[in-house]
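Chemist: Have a look at the structure that comes next, please.
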Amino acid sequence: MAGFHTMAVHGGRDDLAALGVHAAPLDLSTTYPVPDQVAGGEALQALADGVAEASSPVYARLHNPTVARFEKALALLEGTEQSVAFGSGMAAVTAVVQAAAVMSGKPHVVAVRPLYGGTDHLLSSGLLGVRTTYAAADRVADAITPETGLVVLETPANPNLDLVDISAVVAQAGAVPVMVDNTFATPVLQNPASHGATYVLHSGTKYLGGHGDVLGGVVACSADRAAALRQVRIVTGAVLHPLGGYLMHRGLATLPLRVEAAQRSAVELARRLAEHPAVGVVRHPSLPGADPAGLLGGQLRGPGAVLAFTTREAPADVVRGLSLITPAVSLGSVDTLIEHPAALTHRLVPSADRSACGVPENLLRVSVGLEDVEDIWDDLDRALSAFAPGDGEYLDAGARSASSRW
Ligand code: MET
């Protein structure tokens, strides 16, 4: 098999030479001619039943060849048979819950916190007709009942970079499928399916697209699971626009280079932040104490480019002092982004639940981008130094050191 960088460049492009083109064609058709109505009807039926491809796409809600190329490429990078793309990461999460829990008649979900706030809220709200039990990663087995249709986890977790041993949760889940949100690690650093995950989910809006200009989601899984997801996608209309498929497919070619470069800067910034007098605790898998289960170098091939830290001052004041770093939610873009989870990405998670799972109110999350690391550091240092205490003031060394828990 080809190396990862090669697969990232060439995946999903097998048909281009025969088509005589260099870049993947962007097919914006909403409908497709069906001169033979009988054959067209058979194609529609096959797609509605969940096949990956039929003799005609029939209609853009059923199939799109530009999106299908992206799906092939992503499945290759995740090491799964197939993948299914959606109009957003949340549409992808919704489809997995519907396929695994609702359609199977097992409407109970077990989830390991923290999760992205939108996912947490979706699972807590009851909107999809599922009931959710939150469990610590080592107590998943206790939470599973005969009604459980899905286990959900995220590693590294949004927003505090907690790491979860995927195989250990899969072992506890038994026959219950496990969905791992792999958005932070990307397939460059982690392939959850190789550790037993049934569904590998990405918000493609983040690293896969990589430039902050495309909204999408994707789930990598077996062919059987993908068929059920396509059925849900067709009937709910949760499709990815072909331009989104085109942009995320193009993004995959540079994904390893972007992740590797941003990760190098994140390691350096995490180290410096941990020494900064205005900073409390820094969370990044590269720091001492951040990986008690020893997952780095095994399950997780690198620490990634998202970090988080607590501040002694109001997080909003720190962000106000920045000039280069973009104050915005989302992550995985070329520019460095910072946001206050309690105010934004995790606002819809009750504050007691946030603090119970290691997301303090004064946590800031940083997605390190591709700028020169010294420029990113200067910006952070300048904003933080406005609040740095004088000699011997209220911060002791112990409070600054990284630890596995808050
Ligand atoms: C609307 S909140 C933002 C979304 C994105 N999933 C993030 O964690 O930044």
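Residue numbering restarts at 1 for every chain of the structure tokens, chains are lettered A, B, ... in their displayed order, and ligands are numbered from 1 as they appear.
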Please give me, as a list in words, the residues lying within 6 Å of ligand 1 when counting only C-alpha atoms and all ligand atoms.
Modeler: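 Residues satisfying the distance criterion: Tyr116, Val329, Ser330, Leu331, Leu344 and Thr345 of chain A.
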Chemist: Please provide as a VMD selection string all residues within 7 Å of Ala60 in chain A, with the sequence filter that same-chain residues fewer than 5 positions apart are discarded (counting only C-alpha atoms).
Modeler: chain A and resid 29 to 31
Chemist: Keeping N, CA and C atoms, export the residues of the selection given above as a PDB file, in the first residue's frame.
Modeler:
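Okay, again27.pdb is ready:
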ATOM      1  N   SER A  29     -24.847  19.341 -11.179  1.00  0.00           N
ATOM      2  CA  SER A  29     -26.195  18.944 -11.608  1.00  0.00           C
ATOM      3  C   SER A  29     -27.103  18.655 -10.414  1.00  0.00           C
ATOM      4  N   THR A  30     -28.319  19.154 -10.492  1.00  0.00           N
ATOM      5  CA  THR A  30     -29.296  18.736  -9.472  1.00  0.00           C
ATOM      6  C   THR A  30     -30.096  17.532  -9.957  1.00  0.00           C
ATOM      7  N   THR A  31     -30.193  17.383 -11.287  1.00  0.00           N
ATOM      8  CA  THR A  31     -30.913  16.226 -11.815  1.00  0.00           C
ATOM      9  C   THR A  31     -30.141  15.659 -12.992  1.00  0.00           C
TER      10      THR A  31
END
Chemist: At a cut-off of 12 Å, using only C-alpha atoms, what residues contact His10 in chain A? Leave out same-chain residues fewer than 5 positions from it and give the result as a PyMOL selection string.
Modeler: chain A and resi 2-5+15-17+22-24+69-70+72-74+76-77+249-254
Chemist: Would you list the contacts of Thr311 in chain A as a PDB file with C-alpha atoms, in the first residue's frame, taking every protein, DNA or RNA residue within 10 Å and counting only C-alpha atoms, but skipping same-chain residues closer than 2 positions in sequence?
Modeler:
ATOM      1  CA  PRO A 277       3.089  33.517  34.663  1.00  0.00           C
ATOM      2  CA  ALA A 278      -0.402  34.585  33.542  1.00  0.00           C
ATOM      3  CA  VAL A 279      -1.392  31.061  32.541  1.00  0.00           C
ATOM      4  CA  GLY A 280      -2.880  28.425  34.825  1.00  0.00           C
ATOM      5  CA  VAL A 281      -3.013  24.924  33.365  1.00  0.00           C
ATOM      6  CA  VAL A 282      -2.105  24.087  29.776  1.00  0.00           C
ATOM      7  CA  PHE A 309      -5.188  26.805  28.689  1.00  0.00           C
ATOM      8  CA  GLU A 313      -8.122  36.917  34.094  1.00  0.00           C
ATOM      9  CA  ALA A 314     -11.437  36.914  32.275  1.00  0.00           C
ATOM     10  CA  PRO A 315     -10.892  34.928  29.054  1.00  0.00           C
ATOM     11  CA  ASP A 317     -10.174  40.201  28.237  1.00  0.00           C
ATOM     12  CA  VAL A 318      -7.267  38.031  27.092  1.00  0.00           C
ATOM     13  CA  GLU A 361     -15.066  28.392  32.942  1.00  0.00           C
ATOM     14  CA  ASN A 362     -11.741  30.122  32.360  1.00  0.00           C
ATOM     15  CA  LEU A 363     -10.510  27.773  29.630  1.00  0.00           C
ATOM     16  CA  LEU A 364      -9.459  29.164  26.256  1.00  0.00           C
ATOM     17  CA  LEU A 384      -1.190  37.551  28.464  1.00  0.00           C
ATOM     18  CA  PHE A 387      -2.163  40.338  33.192  1.00  0.00           C
ATOM     19  CA  ALA A 388       1.055  38.719  34.426  1.00  0.00           C
TER      20      ALA A 388
END
Chemist: Using DSSP secondary structure from the backbone, list all strand (DSSP E or B) positions within range 245-345 of chain A, as number ranges by chain.
Modeler: A: 279-283, 296, 300, 306-311, 326-327, 337-339
Chemist: Take the selection from the previous step and output its residues with C-alpha atoms, as a JSON list (two decimals), in the first residue's frame.
Modeler:
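Output contents, as saved in out.json:
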[["chain", "number", "residue", "atom", "x", "y", "z"],
["A", 279, "VAL", "CA", -1.39, 31.06, 32.54],
["A", 280, "GLY", "CA", -2.88, 28.42, 34.83],
["A", 281, "VAL", "CA", -3.01, 24.92, 33.36],
["A", 282, "VAL", "CA", -2.10, 24.09, 29.78],
["A", 283, "ARG", "CA", -3.70, 21.15, 28.01],
["A", 296, "LEU", "CA", 0.76, 9.01, 22.33],
["A", 300, "LEU", "CA", -2.34, 8.75, 18.65],
["A", 306, "VAL", "CA", -5.19, 22.18, 19.21],
["A", 307, "LEU", "CA", -4.31, 23.23, 22.76],
["A", 308, "ALA", "CA", -6.19, 24.80, 25.63],
["A", 309, "PHE", "CA", -5.19, 26.80, 28.69],
["A", 310, "THR", "CA", -6.73, 28.50, 31.68],
["A", 311, "THR", "CA", -6.16, 32.13, 32.49],
["A", 326, "THR", "CA", -8.42, 35.23, 14.96],
["A", 327, "PRO", "CA", -11.07, 35.27, 17.71],
["A", 337, "LEU", "CA", -8.09, 30.62, 16.04],
["A", 338, "ILE", "CA", -8.95, 31.21, 19.69],
["A", 339, "GLU", "CA", -12.28, 30.87, 21.48]]
Chemist: For Ala99 in chain A, which residue out of A:Gly126, A:Gly149, A:Pro360, A:Pro57 is the nearest one, using only C-alpha atoms?
Modeler: A:Gly149
Chemist: Considering only C-alpha atoms, return as a ChimeraX atom specification whatever protein or nucleic-acid residues lie within 8 Å of Glu154 in chain A, sequence-local ones (same chain, fewer than 3 positions apart) excluded.
Modeler: /A:112-115,157-158,164,180-182
Chemist: Would you mind exporting the chosen residues as a PDB file, in the first residue's frame, restricted to C-alpha atoms?
Modeler:
ATOM      1  CA  VAL A 112     -18.014   9.904  27.240  1.00  0.00           C
ATOM      2  CA  ARG A 113     -17.609  13.597  28.059  1.00  0.00           C
ATOM      3  CA  PRO A 114     -16.269  15.996  27.086  1.00  0.00           C
ATOM      4  CA  LEU A 115     -17.662  16.138  23.582  1.00  0.00           C
ATOM      5  CA  ALA A 157     -11.632  15.718  23.163  1.00  0.00           C
ATOM      6  CA  ASN A 158     -13.082  19.106  22.370  1.00  0.00           C
ATOM      7  CA  VAL A 164      -9.502   8.248  25.566  1.00  0.00           C
ATOM      8  CA  VAL A 180     -15.278   8.137  17.580  1.00  0.00           C
ATOM      9  CA  ASP A 181     -15.112  11.799  16.626  1.00  0.00           C
ATOM     10  CA  ASN A 182     -11.670  12.038  15.029  1.00  0.00           C
TER      11      ASN A 182
END
